[in-house]
>>> print(open('data12.txt').read())   # compact mmCIF, C-alpha atoms
# COMPACT_ATOMS: atom_id res chain seq x y z
CA MET A 1 5.02 -18.50 34.31
CA SER A 2 2.42 -21.18 34.85
CA SER A 3 3.68 -24.27 36.71
CA THR A 4 1.00 -26.44 35.11
CA ILE A 5 1.99 -28.61 32.18
CA TRP A 6 -0.48 -27.92 29.41
CA SER A 7 -1.37 -30.38 26.70
CA VAL A 8 -1.25 -29.35 23.04
CA ASP A 9 -5.03 -29.51 22.82
CA GLU A 10 -5.56 -27.42 25.98
CA HIS A 11 -3.24 -24.69 24.71
CA LEU A 12 -4.93 -24.62 21.29
CA ASP A 13 -8.40 -24.57 22.86
CA ASP A 14 -7.34 -21.63 25.02
CA ILE A 15 -6.18 -19.72 21.94
CA LEU A 16 -9.23 -20.48 19.80
CA GLY A 17 -11.54 -19.70 22.69
CA ALA A 18 -10.10 -16.18 22.88
CA VAL A 19 -9.87 -15.39 19.15
CA ARG A 20 -12.96 -13.94 17.48
CA PRO A 21 -13.54 -13.48 13.74
CA LEU A 22 -12.83 -9.98 12.44
CA GLU A 23 -15.77 -7.68 11.78
CA PRO A 24 -17.19 -7.82 8.22
CA ILE A 25 -16.45 -5.05 5.73
CA GLU A 26 -17.51 -4.35 2.14
CA LEU A 27 -14.65 -4.45 -0.34
CA GLN A 28 -14.18 -3.93 -4.05
CA LEU A 29 -13.57 -7.23 -5.84
CA PRO A 30 -9.78 -6.87 -6.31
CA ASP A 31 -9.39 -6.08 -2.60
CA ALA A 32 -11.49 -9.07 -1.53
CA GLN A 33 -9.05 -11.70 -2.77
CA GLY A 34 -8.16 -14.12 0.00
CA CYS A 35 -11.02 -12.95 2.23
CA VAL A 36 -13.95 -15.03 3.47
CA LEU A 37 -17.52 -14.31 2.35
CA VAL A 38 -19.93 -13.34 5.13
CA LYS A 39 -23.18 -13.72 3.17
CA ASP A 40 -24.45 -16.03 0.46
CA VAL A 41 -24.21 -14.47 -3.00
CA VAL A 42 -27.33 -15.05 -5.10
CA VAL A 43 -27.31 -14.65 -8.87
CA GLU A 44 -29.42 -11.77 -10.20
CA ILE A 45 -28.81 -12.19 -13.94
CA ALA A 46 -28.59 -15.18 -16.24
CA LEU A 47 -25.12 -16.28 -17.32
CA PRO A 48 -24.68 -16.17 -20.23
CA PRO A 49 -27.27 -13.38 -20.45
CA PHE A 50 -28.25 -14.33 -24.02
CA ASP A 51 -27.92 -17.22 -26.47
CA ASN A 52 -24.49 -16.85 -28.07
CA SER A 53 -22.07 -18.63 -30.35
CA SER A 54 -19.25 -20.78 -29.01
CA MET A 55 -17.47 -20.74 -32.38
CA ASP A 56 -16.48 -18.45 -35.22
CA GLY A 57 -18.71 -19.50 -38.10
CA TYR A 58 -22.17 -19.01 -39.56
CA ALA A 59 -25.53 -18.76 -37.85
CA VAL A 60 -27.92 -20.94 -39.84
CA ARG A 61 -31.27 -22.70 -39.84
CA VAL A 62 -30.74 -26.44 -39.24
CA ALA A 63 -33.21 -27.35 -41.99
CA ASP A 64 -31.01 -25.58 -44.56
CA THR A 65 -27.98 -27.80 -43.83
CA GLU A 66 -29.64 -31.22 -44.01
CA GLY A 67 -27.71 -33.57 -46.31
CA ALA A 68 -24.87 -31.08 -46.86
CA SER A 69 -21.47 -32.49 -47.92
CA GLU A 70 -18.31 -31.30 -49.64
CA GLU A 71 -19.57 -32.81 -52.90
CA PHE A 72 -23.06 -31.36 -52.50
CA PRO A 73 -22.75 -28.35 -50.18
CA ALA A 74 -25.66 -26.30 -48.93
CA VAL A 75 -25.33 -22.90 -50.57
CA LEU A 76 -26.64 -20.11 -48.36
CA THR A 77 -26.92 -16.36 -48.85
CA VAL A 78 -24.86 -14.38 -46.29
CA ILE A 79 -26.94 -11.46 -45.04
CA GLY A 80 -24.49 -9.81 -42.62
CA ASP A 81 -22.16 -10.06 -39.67
CA VAL A 82 -22.88 -10.54 -35.97
CA ALA A 83 -19.90 -9.46 -33.88
CA ALA A 84 -19.34 -9.93 -30.14
CA GLY A 85 -20.79 -6.92 -28.37
CA SER A 86 -23.41 -6.26 -31.01
CA ALA A 87 -27.15 -6.60 -30.49
CA GLY A 88 -27.54 -8.87 -33.52
CA LEU A 89 -27.90 -8.31 -37.24
CA ALA A 90 -28.11 -4.74 -38.49
CA ASP A 91 -31.56 -3.25 -38.95
CA GLY A 92 -33.10 -6.11 -36.95
CA ARG A 93 -32.80 -8.54 -39.83
CA VAL A 94 -33.81 -12.18 -39.28
CA VAL A 95 -32.08 -15.26 -40.71
CA GLY A 96 -34.63 -16.68 -43.11
CA PRO A 97 -34.78 -19.85 -45.24
CA GLY A 98 -31.65 -20.26 -47.35
CA GLU A 99 -29.81 -17.54 -45.42
CA ALA A 100 -26.87 -17.38 -42.99
CA ALA A 101 -25.05 -14.74 -40.97
CA ARG A 102 -21.36 -14.66 -40.20
CA ILE A 103 -21.04 -14.89 -36.42
CA MET A 104 -18.13 -14.52 -34.05
CA THR A 105 -17.45 -16.33 -30.77
CA GLY A 106 -19.52 -14.76 -27.99
CA ALA A 107 -21.86 -12.92 -30.38
CA PRO A 108 -25.64 -13.22 -29.83
CA LEU A 109 -27.43 -15.79 -31.94
CA PRO A 110 -29.55 -13.79 -34.45
CA GLU A 111 -33.26 -14.33 -34.61
CA GLY A 112 -34.28 -17.06 -37.05
CA ALA A 113 -31.08 -19.09 -36.63
CA ASP A 114 -31.07 -22.23 -34.47
CA ALA A 115 -27.46 -23.45 -34.82
CA VAL A 116 -23.92 -22.35 -35.68
CA VAL A 117 -21.76 -23.97 -38.34
CA PRO A 118 -18.01 -23.65 -37.57
CA VAL A 119 -16.14 -21.80 -40.30
CA GLU A 120 -13.99 -24.93 -40.81
CA TRP A 121 -17.13 -26.73 -42.06
CA THR A 122 -17.57 -24.14 -44.81
CA ASP A 123 -15.67 -22.52 -47.65
CA GLY A 124 -15.63 -19.25 -45.68
CA GLY A 125 -17.38 -17.54 -48.60
CA SER A 126 -14.40 -18.06 -50.89
CA GLY A 127 -16.09 -20.41 -53.33
CA GLY A 128 -13.24 -22.92 -52.83
CA GLY A 129 -12.50 -25.77 -50.42
CA PRO A 130 -12.82 -25.88 -46.61
CA ALA A 131 -11.67 -22.69 -44.89
CA ASP A 132 -9.22 -22.48 -41.99
CA ALA A 133 -10.45 -19.14 -40.70
CA MET A 134 -12.43 -16.06 -41.60
CA ARG A 135 -10.77 -13.08 -43.19
CA ALA A 136 -10.84 -10.01 -40.95
CA HIS A 137 -13.86 -7.80 -41.58
CA SER A 138 -11.58 -4.77 -42.01
CA ASP A 139 -9.62 -6.57 -44.74
CA ALA A 140 -12.59 -8.12 -46.51
CA PRO A 141 -15.91 -6.44 -45.66
CA GLU A 142 -17.45 -8.22 -48.62
CA GLY A 143 -17.31 -11.40 -46.51
CA ALA A 144 -20.45 -10.23 -44.74
CA GLY A 145 -22.35 -10.77 -48.00
CA GLY A 146 -22.34 -13.12 -50.95
CA GLU A 147 -22.68 -16.86 -50.54
CA VAL A 148 -21.21 -19.52 -48.27
CA ARG A 149 -21.02 -23.23 -48.97
CA VAL A 150 -21.70 -25.47 -45.96
CA HIS A 151 -20.05 -28.89 -46.17
CA ARG A 152 -21.61 -30.62 -43.14
CA PRO A 153 -25.06 -30.66 -41.54
CA VAL A 154 -25.57 -29.47 -37.98
CA GLU A 155 -27.99 -30.40 -35.22
CA ALA A 156 -30.31 -27.95 -33.48
CA ARG A 157 -28.49 -25.70 -30.94
CA ALA A 158 -25.08 -26.96 -32.12
CA HIS A 159 -22.28 -24.61 -30.98
CA VAL A 160 -24.78 -22.39 -29.18
CA ARG A 161 -24.32 -21.45 -25.52
CA ASP A 162 -27.86 -21.15 -24.19
CA ARG A 163 -28.94 -18.26 -22.02
CA GLY A 164 -28.67 -19.26 -18.36
CA SER A 165 -26.76 -22.48 -19.12
CA ASP A 166 -24.13 -21.48 -16.53
CA VAL A 167 -26.29 -19.88 -13.82
CA ARG A 168 -29.81 -18.50 -13.65
CA PRO A 169 -31.37 -15.72 -11.55
CA GLY A 170 -31.98 -17.02 -8.05
CA ASP A 171 -29.16 -19.59 -8.17
CA LEU A 172 -26.68 -19.65 -5.29
CA ALA A 173 -23.40 -18.39 -6.73
CA LEU A 174 -21.18 -18.65 -3.62
CA ARG A 175 -21.88 -19.75 -0.07
CA ALA A 176 -21.03 -17.76 3.03
CA GLY A 177 -17.72 -19.05 4.36
CA SER A 178 -16.17 -19.43 0.91
CA ILE A 179 -12.67 -18.01 0.39
CA VAL A 180 -12.65 -15.47 -2.43
CA GLY A 181 -10.02 -16.66 -4.89
CA PRO A 182 -9.39 -15.84 -8.56
CA ALA A 183 -12.18 -18.09 -9.85
CA GLN A 184 -14.65 -16.69 -7.33
CA ILE A 185 -13.73 -13.12 -8.28
CA GLY A 186 -14.29 -14.05 -11.93
CA LEU A 187 -17.76 -15.41 -11.15
CA LEU A 188 -18.70 -12.39 -9.05
CA ALA A 189 -17.62 -10.04 -11.82
CA ALA A 190 -19.46 -12.09 -14.45
CA ILE A 191 -22.76 -11.79 -12.57
CA GLY A 192 -22.29 -8.05 -12.06
CA CYS A 193 -21.09 -7.83 -8.45
CA SER A 194 -18.61 -4.97 -7.97
CA THR A 195 -18.33 -5.29 -4.19
CA VAL A 196 -18.73 -8.09 -1.68
CA VAL A 197 -19.12 -8.32 2.11
CA VAL A 198 -16.23 -10.28 3.64
CA ARG A 199 -14.15 -10.64 6.74
CA PRO A 200 -10.83 -8.94 6.00
CA ARG A 201 -7.55 -10.79 5.92
CA PRO A 202 -5.97 -10.63 9.39
CA ARG A 203 -2.92 -8.40 9.84
CA VAL A 204 -0.13 -10.36 11.49
CA VAL A 205 3.01 -8.73 12.90
CA VAL A 206 5.97 -11.10 13.24
CA LEU A 207 9.10 -10.19 15.19
CA SER A 208 12.05 -12.21 16.40
CA THR A 209 14.22 -11.49 19.41
CA GLY A 210 17.88 -12.02 20.13
CA SER A 211 21.01 -9.90 20.10
CA GLU A 212 22.71 -12.66 18.13
CA LEU A 213 20.42 -12.21 15.11
CA VAL A 214 21.67 -10.51 11.95
CA GLN A 215 19.74 -9.54 8.83
CA PRO A 216 20.53 -11.89 5.88
CA GLY A 217 22.99 -10.26 3.53
CA GLU A 218 24.98 -8.60 6.30
CA PRO A 219 28.33 -9.99 7.49
CA LEU A 220 28.42 -12.27 10.53
CA THR A 221 30.77 -11.71 13.43
CA GLY A 222 31.56 -13.99 16.34
CA GLY A 223 28.51 -15.56 17.99
CA GLN A 224 26.03 -14.22 15.44
CA ILE A 225 23.54 -16.07 13.23
CA TYR A 226 21.14 -14.97 10.54
CA ASP A 227 17.54 -14.24 11.48
CA SER A 228 15.54 -16.94 9.69
CA ASN A 229 12.52 -17.25 11.97
CA SER A 230 10.93 -13.90 11.16
CA PHE A 231 11.21 -14.62 7.44
CA ALA A 232 9.80 -18.15 7.73
CA LEU A 233 6.91 -17.16 9.99
CA THR A 234 6.00 -14.11 7.93
CA ALA A 235 5.82 -16.35 4.87
CA ALA A 236 3.79 -18.90 6.84
CA ALA A 237 1.34 -16.18 7.92
CA ARG A 238 0.84 -15.12 4.30
CA ASP A 239 0.39 -18.75 3.32
CA ALA A 240 -2.32 -19.03 5.97
CA GLY A 241 -4.20 -16.13 4.37
CA ALA A 242 -2.98 -13.16 6.42
CA ILE A 243 -1.44 -9.83 5.55
CA ALA A 244 1.91 -10.19 7.30
CA TYR A 245 4.44 -7.60 8.45
CA ARG A 246 7.96 -8.65 9.39
CA VAL A 247 9.76 -6.59 12.01
CA GLY A 248 13.55 -6.71 12.14
CA ALA A 249 15.14 -8.68 14.98
CA VAL A 250 14.93 -6.94 18.35
CA ALA A 251 17.92 -7.05 20.69
CA ASP A 252 17.75 -8.67 24.13
CA ASP A 253 16.41 -5.62 25.94
CA ALA A 254 13.02 -5.78 27.64
CA GLU A 255 12.16 -2.08 27.32
CA THR A 256 13.11 -1.99 23.64
CA LEU A 257 11.02 -5.07 22.97
CA ARG A 258 8.00 -3.75 24.86
CA ALA A 259 8.18 -0.42 23.01
CA THR A 260 8.56 -2.17 19.65
CA ILE A 261 5.49 -4.33 20.23
CA GLU A 262 3.43 -1.36 21.40
CA ASP A 263 4.42 0.57 18.25
CA GLN A 264 3.25 -2.33 16.08
CA LEU A 265 -0.19 -2.72 17.64
CA ILE A 266 -1.69 -0.05 15.37
CA ARG A 267 -1.38 -2.43 12.40
CA ALA A 268 -1.86 -5.80 14.12
CA ASP A 269 -4.82 -8.10 14.53
CA ILE A 270 -2.42 -10.61 16.04
CA VAL A 271 1.23 -10.41 17.14
CA VAL A 272 3.68 -13.32 16.89
CA THR A 273 7.06 -13.26 18.61
CA THR A 274 9.76 -15.89 18.37
CA GLY A 275 12.49 -16.45 20.93
CA GLY A 276 12.95 -15.38 24.53
CA VAL A 277 10.27 -17.58 26.15
CA SER A 278 12.38 -20.20 27.92
CA VAL A 279 14.14 -20.05 31.31
CA GLY A 280 17.39 -18.32 30.38
CA ALA A 281 18.71 -15.09 31.90
CA TYR A 282 18.23 -13.27 28.55
CA ASP A 283 14.74 -14.49 27.66
CA VAL A 284 13.42 -10.96 27.18
CA VAL A 285 9.96 -11.76 25.79
CA LYS A 286 9.03 -13.30 29.11
CA GLU A 287 10.71 -10.46 31.00
CA ALA A 288 9.05 -7.77 28.89
CA LEU A 289 5.54 -9.21 28.76
CA SER A 290 5.01 -11.18 31.97
CA SER A 291 3.87 -8.01 33.76
CA VAL A 292 1.85 -6.65 30.87
CA GLY A 293 -1.87 -6.46 31.57
CA ASP A 294 -4.70 -4.25 32.68
CA GLU A 295 -5.93 -4.80 36.22
CA ASP A 296 -9.36 -3.51 35.16
CA GLU A 297 -9.55 -6.06 32.35
CA PRO A 298 -9.47 -9.65 33.66
CA GLY A 299 -7.74 -12.04 31.31
CA SER A 300 -5.44 -9.43 29.76
CA GLY A 301 -1.71 -10.00 29.77
CA ILE A 302 0.51 -12.85 28.59
CA ASP A 303 0.67 -16.26 30.26
CA PHE A 304 3.89 -18.20 29.76
CA ARG A 305 3.48 -21.94 30.04
CA LYS A 306 5.08 -25.33 29.40
CA LEU A 307 3.47 -27.74 26.97
CA ALA A 308 3.71 -31.51 26.86
CA MET A 309 5.15 -31.49 23.36
CA GLN A 310 8.44 -31.74 21.50
CA PRO A 311 9.62 -29.52 19.95
CA GLY A 312 8.00 -26.36 21.33
CA LYS A 313 7.71 -26.91 25.06
CA PRO A 314 7.84 -23.20 26.11
CA GLN A 315 4.92 -21.11 24.80
CA GLY A 316 3.21 -17.86 25.64
CA PHE A 317 -0.29 -16.61 24.89
CA GLY A 318 -2.48 -13.70 25.91
CA SER A 319 -3.53 -10.23 24.83
CA ILE A 320 -1.84 -6.86 24.83
CA GLY A 321 -2.76 -3.21 24.30
CA PRO A 322 -6.03 -1.28 24.50
CA ASP A 323 -7.73 -3.51 21.91
CA HIS A 324 -6.57 -6.71 23.64
CA THR A 325 -4.68 -7.81 20.55
CA PRO A 326 -3.84 -11.54 20.73
CA LEU A 327 -0.14 -12.29 21.13
CA LEU A 328 1.46 -15.69 20.67
CA ALA A 329 5.02 -16.05 21.92
CA LEU A 330 6.82 -18.94 20.24
CA PRO A 331 10.19 -20.58 21.01
CA GLY A 332 13.29 -19.37 19.20
CA ASN A 333 14.68 -22.59 17.77
CA PRO A 334 13.74 -22.65 14.06
CA VAL A 335 11.95 -26.00 14.01
CA SER A 336 10.21 -25.30 17.33
CA SER A 337 8.93 -21.95 16.07
CA TYR A 338 7.70 -23.36 12.77
CA VAL A 339 5.96 -26.36 14.33
CA SER A 340 4.40 -24.04 16.93
CA PHE A 341 3.18 -21.75 14.17
CA GLU A 342 1.50 -24.62 12.34
CA LEU A 343 -0.16 -25.96 15.47
CA PHE A 344 -1.25 -22.70 17.11
CA VAL A 345 -0.81 -19.55 15.01
CA ARG A 346 -2.20 -20.82 11.73
CA PRO A 347 -5.48 -21.96 13.36
CA ALA A 348 -5.73 -18.57 15.09
CA ILE A 349 -5.31 -16.75 11.76
CA ARG A 350 -7.94 -18.95 10.13
CA ALA A 351 -10.31 -18.31 13.04
CA LEU A 352 -9.83 -14.54 12.64
CA MET A 353 -10.76 -14.97 8.97
CA GLY A 354 -14.07 -16.52 10.04
CA LEU A 355 -13.36 -20.02 8.75
CA THR A 356 -14.90 -22.96 10.57
CA ASP A 357 -12.25 -25.50 9.56
CA VAL A 358 -9.04 -23.94 10.82
CA HIS A 359 -6.75 -26.97 10.79
CA ARG A 360 -4.38 -28.45 8.25
CA PRO A 361 -5.66 -31.68 6.70
CA THR A 362 -4.49 -34.88 8.36
CA SER A 363 -4.10 -38.44 7.20
CA THR A 364 -2.94 -41.83 8.43
CA ALA A 365 0.25 -43.23 6.96
CA THR A 366 2.56 -46.19 7.41
CA LEU A 367 5.89 -45.24 8.96
CA LYS A 368 8.69 -45.94 6.49
CA THR A 369 11.99 -45.98 8.35
CA ASP A 370 14.99 -48.23 8.91
CA LYS A 371 14.73 -48.24 12.68
CA ALA A 372 12.26 -47.42 15.42
CA LEU A 373 11.62 -43.79 16.28
CA SER A 374 11.93 -42.87 19.95
CA SER A 375 9.70 -40.32 21.65
CA PRO A 376 9.78 -38.91 25.21
CA ALA A 377 7.11 -40.30 27.51
CA GLY A 378 4.27 -37.92 28.25
CA ARG A 379 4.99 -35.60 25.31
CA ARG A 380 3.40 -35.38 21.89
CA GLN A 381 6.24 -35.35 19.39
CA PHE A 382 6.11 -33.79 15.95
CA LEU A 383 8.73 -35.02 13.49
CA ARG A 384 9.32 -33.76 9.98
CA GLY A 385 8.49 -36.17 7.18
CA THR A 386 7.77 -36.64 3.50
CA TYR A 387 4.35 -38.08 2.71
CA ASP A 388 3.65 -40.37 -0.24
CA ALA A 389 -0.10 -40.25 -0.80
CA GLN A 390 -0.04 -42.95 -3.48
CA GLU A 391 1.83 -45.43 -1.29
CA GLY A 392 0.24 -44.25 1.96
CA THR A 393 3.63 -43.93 3.66
CA VAL A 394 5.55 -41.24 5.51
CA THR A 395 9.34 -41.10 5.79
CA PRO A 396 11.13 -39.08 8.49
CA VAL A 397 13.59 -36.43 7.29
CA GLY A 398 16.29 -35.03 9.55
CA GLY A 399 16.66 -35.72 13.24
CA SER A 400 14.56 -34.61 16.18
CA GLY A 401 16.75 -31.61 17.06
CA SER A 402 14.83 -28.33 17.17
CA HIS A 403 17.67 -26.47 15.42
CA LEU A 404 17.81 -28.73 12.33
CA ILE A 405 16.20 -26.39 9.82
CA ALA A 406 17.58 -27.91 6.60
CA ALA A 407 15.28 -30.95 6.83
CA LEU A 408 12.31 -28.66 7.38
CA ALA A 409 12.64 -27.38 3.81
CA GLN A 410 12.33 -30.97 2.54
CA ALA A 411 9.35 -31.93 4.68
CA ASP A 412 5.74 -31.78 3.54
CA ALA A 413 4.22 -33.35 6.64
CA LEU A 414 4.54 -33.60 10.40
CA ILE A 415 4.60 -37.10 11.90
CA VAL A 416 2.61 -37.14 15.14
CA LEU A 417 3.72 -39.50 17.93
CA PRO A 418 1.19 -39.38 20.80
CA GLU A 419 2.05 -38.83 24.46
CA ASP A 420 1.75 -42.53 25.31
CA VAL A 421 4.13 -43.67 22.54
CA THR A 422 7.82 -43.99 23.40
CA SER A 423 8.84 -46.04 20.37
CA ALA A 424 7.34 -46.26 16.88
CA GLU A 425 8.50 -49.28 14.91
CA PRO A 426 8.80 -49.35 11.10
CA GLY A 427 5.41 -50.14 9.61
CA THR A 428 3.49 -48.41 12.43
CA GLU A 429 0.35 -46.54 11.40
CA THR A 430 0.83 -42.89 12.39
CA GLU A 431 -1.10 -39.65 12.11
CA VAL A 432 0.42 -37.08 9.76
CA ILE A 433 -0.36 -33.39 9.42
CA LEU A 434 -0.11 -32.38 5.76
CA LEU A 435 1.76 -29.12 5.24
CA ARG A 436 1.26 -28.75 1.48
>>> encode(input="data12.txt", output="structure tokens")
Amino acid sequence: MSSTIWSVDEHLDDILGAVRPLEPIELQLPDAQGCVLVKDVVVEIALPPFDNSSMDGYAVRVADTEGASEEFPAVLTVIGDVAAGSAGLADGRVVGPGEAARIMTGAPLPEGADAVVPVEWTDGGSGGGPADAMRAHSDAPEGAGGEVRVHRPVEARAHVRDRGSDVRPGDLALRAGSIVGPAQIGLLAAIGCSTVVVRPRPRVVVLSTGSELVQPGEPLTGGQIYDSNSFALTAAARDAGAIAYRVGAVADDAETLRATIEDQLIRADIVVTTGGVSVGAYDVVKEALSSVGDEDEPGSGIDFRKLAMQPGKPQGFGSIGPDHTPLLALPGNPVSSYVSFELFVRPAIRALMGLTDVHRPTSTATLKTDKALSSPAGRRQFLRGTYDAQEGTVTPVGGSGSHLIAALAQADALIVLPEDVTSAEPGTETEVILLR
């Protein structure tokens, strides 16, 4: 256990200095969701790849619709259908003067046509008033022939999506460092990419310690509480972008804990423990891991230290196992463990992903409270709060106790009171870390 009091920034710098981004791999698009791109993706085909219709209607020549109205419609000869997925009109026909082709949304604009008239601007080939829709080709194949009356003129390229109007060959589709989300996967698929080179999502193993912990849903007996930390931190790891594995609570036995962690290393890029890092007689994480390390590998092992912060004073960090897997040991009190996760584990996960900005967004807000907030001298305090972006205010929720978990569920920000602040009056400008 280090006797030095570490600052929050020193502890975080130590963690981020030791964590390296995971090696890139090539993944199929569905498997790349949530991962970070390693290389720029450059477009190789135009999108859309051809001029196509944005409406169901009729492909026409603009000159043939000039002056058209319901009273004096332009009467055009329908020469065929152009469906989505087709190459154009059958037999390579061209839309000539006085002609039109029925066209569906997404279908290629046939040669000779320079605009699309929506079906609602026509009689739909019925010979009557304005149409609401086209009759299905299977029900009325004769609709691909005959005449159509156009009730309104159109301008050149009206309702036509031009080839390359979205992206063109050589355009930058996505930059390296982008997170691959649903929209990015859609773009990659649209330009023909089936695989992409990314850094994989980190695998995070979360386990809590304490003989008093019981799985939710099981009955409690004297002195027992439900294990909430492992559930909260596993969810937080997933929220940060990781693949997270929750391990059931481990009893206060050093050998059992050490064996459990060693068993989990095969599926871990980072291990997070909660509980057992303070100065009590049953703080087994410290007991189990203080002596862990390889004499031939300087820097291996876990260092337990005290931080100048509240909550979350006791912390542990180091590496374990043959691959020197990073391990962060967090306090056991629910608020302490969650705050510690946000400050230290989340940035480590984001660094493993290969992101350059690993921190939650911050803002400055006016403290909205009935009385001054006290803070211990020499410690950076993190209080739960609700942030009003429109008003630019933050309101504390719950007290400062590290066991008060109910208020944590209501908070969307952490109020930061620096080490040199012992009292923050109402109306004080404070830094806030935004959690949502």
>>> closest_residue(input="data12.txt", among="A:Ala351, A:Pro49, A:Val204, A:Tyr245", to="A:Val167", atoms="all atoms listed in the file")
A:Pro49
>>> atom_distance(input="data12.txt", atom1="atom CA of A:Val205", atom2="atom CA of A:Val271")
4.9 Å
>>> atom_distance(input="data12.txt", atom1="atom CA of A:Val82", atom2="atom CA of A:Pro153")
21.0 Å
>>> atom_distance(input="data12.txt", atom1="atom CA of A:Gly354", atom2="atom CA of A:Val36")
6.7 Å
>>> residues_around(input="data12.txt", residues="stretch 315-331 of chain A", least_positions_apart="5", cutoff="8 Å", atoms="only C-alpha atoms", output="PyMOL selection string")
chain A and resi 15+19+262+265+268-278+285+292-293+299-307+336-337+340-341+345
>>> residues_around(input="data12.txt", residues="A:Gln224", least_positions_apart="6", cutoff="9 Å", atoms="all atoms listed in the file", output="PDB file with C-alpha atoms, in the frame of the given file")
ATOM      1  CA  SER A 211      21.010  -9.900  20.100  1.00  0.00           C
ATOM      2  CA  GLU A 212      22.710 -12.660  18.130  1.00  0.00           C
ATOM      3  CA  LEU A 213      20.420 -12.210  15.110  1.00  0.00           C
ATOM      4  CA  VAL A 214      21.670 -10.510  11.950  1.00  0.00           C
TER       5      VAL A 214
END
>>> residues_near_point(input="data12.txt", point="(-25.2, -29.2, -39.4)", cutoff="9 Å", atoms="all atoms listed in the file", output="PyMOL selection string")
chain A and resi 60-68+115-117+121+150-156+158
>>> closest_residue(input="data12.txt", among="A:Glu419, A:Glu44, A:Glu429, A:Asp412", to="A:Leu172", atoms="only C-alpha atoms")
A:Glu44
>>> residues_around(input="data12.txt", residues="stretch 160-163 of chain A", least_positions_apart="5", cutoff="7 Å", atoms="only C-alpha atoms", output="PyMOL selection string")
chain A and resi 46-54+115-116
>>> residues_near_point(input="data12.txt", point="(-28.5, -20.9, -6.0)", cutoff="7 Å", atoms="all atoms listed in the file", output="VMD selection string")
chain A and resid 42 to 43 170 to 173
>>> residues_around(input="data12.txt", residues="A:Val197", least_positions_apart="5", cutoff="6 Å", atoms="only C-alpha atoms", output="list in words")
Ile25, Glu26 and Val38 of chain A
>>> residues_around(input="data12.txt", residues="A:Leu435", least_positions_apart="3", cutoff="10 Å", atoms="only C-alpha atoms", output="VMD selection string")
chain A and resid 342 360 to 362 385 to 387 411 to 414 432
>>> closest_residue(input="data12.txt", among="A:Ile5, A:Ile433, A:Leu188, A:Val119", to="A:Met104", atoms="only C-alpha atoms")
A:Val119
>>> axis_aligned_box(input="data12.txt", around="stretch 219-238 of chain A", padding_each_side="4 Å", output="AutoDock Vina command-line options")
--center_x 16.2 --center_y -14.4 --center_z 11.1 --size_x 38.7 --size_y 16.9 --size_z 21.7
>>> closest_residue(input="data12.txt", among="A:Ile79, A:Leu373, A:Cys193, A:Ile45", to="A:Ala59", atoms="all atoms listed in the file")
A:Ile79
>>> closest_residue(input="data12.txt", among="A:Gly128, A:Gly248, A:Ala365, A:Asp9", to="A:Glu71", atoms="all atoms listed in the file")
A:Gly128
>>> closest_residue(input="data12.txt", among="A:Leu109, A:Gly34, A:Ala131, A:Ala372", to="A:Arg157", atoms="only C-alpha atoms")
A:Leu109
>>> build_atoms(input="data12.txt", residues="stretch 110-117 of chain A", atoms="N, CA, C and O atoms", output="PDB file, keeping the file's coordinate frame")
ATOM      1  N   PRO A 110     -28.510 -14.653 -33.855  1.00  0.00           N
ATOM      2  CA  PRO A 110     -29.550 -13.790 -34.450  1.00  0.00           C
ATOM      3  C   PRO A 110     -30.881 -14.530 -34.539  1.00  0.00           C
ATOM      4  O   PRO A 110     -30.940 -15.764 -34.620  1.00  0.00           O
ATOM      5  N   GLU A 111     -31.928 -13.764 -34.515  1.00  0.00           N
ATOM      6  CA  GLU A 111     -33.260 -14.330 -34.610  1.00  0.00           C
ATOM      7  C   GLU A 111     -33.405 -15.088 -35.922  1.00  0.00           C
ATOM      8  O   GLU A 111     -32.907 -14.672 -36.967  1.00  0.00           O
ATOM      9  N   GLY A 112     -34.079 -16.227 -35.863  1.00  0.00           N
ATOM     10  CA  GLY A 112     -34.280 -17.060 -37.050  1.00  0.00           C
ATOM     11  C   GLY A 112     -33.301 -18.205 -37.127  1.00  0.00           C
ATOM     12  O   GLY A 112     -33.622 -19.267 -37.662  1.00  0.00           O
ATOM     13  N   ALA A 113     -32.080 -18.025 -36.604  1.00  0.00           N
ATOM     14  CA  ALA A 113     -31.080 -19.090 -36.630  1.00  0.00           C
ATOM     15  C   ALA A 113     -31.269 -20.003 -35.424  1.00  0.00           C
ATOM     16  O   ALA A 113     -31.689 -19.564 -34.354  1.00  0.00           O
ATOM     17  N   ASP A 114     -30.961 -21.299 -35.593  1.00  0.00           N
ATOM     18  CA  ASP A 114     -31.070 -22.230 -34.470  1.00  0.00           C
ATOM     19  C   ASP A 114     -29.833 -23.098 -34.301  1.00  0.00           C
ATOM     20  O   ASP A 114     -29.831 -24.079 -33.569  1.00  0.00           O
ATOM     21  N   ALA A 115     -28.727 -22.732 -34.976  1.00  0.00           N
ATOM     22  CA  ALA A 115     -27.460 -23.450 -34.820  1.00  0.00           C
ATOM     23  C   ALA A 115     -26.343 -22.598 -35.419  1.00  0.00           C
ATOM     24  O   ALA A 115     -26.596 -21.618 -36.133  1.00  0.00           O
ATOM     25  N   VAL A 116     -25.101 -23.013 -35.123  1.00  0.00           N
ATOM     26  CA  VAL A 116     -23.920 -22.350 -35.680  1.00  0.00           C
ATOM     27  C   VAL A 116     -23.065 -23.402 -36.360  1.00  0.00           C
ATOM     28  O   VAL A 116     -22.774 -24.463 -35.782  1.00  0.00           O
ATOM     29  N   VAL A 117     -22.679 -23.110 -37.597  1.00  0.00           N
ATOM     30  CA  VAL A 117     -21.760 -23.970 -38.340  1.00  0.00           C
ATOM     31  C   VAL A 117     -20.355 -23.392 -38.190  1.00  0.00           C
ATOM     32  O   VAL A 117     -20.128 -22.230 -38.556  1.00  0.00           O
TER      33      VAL A 117
END
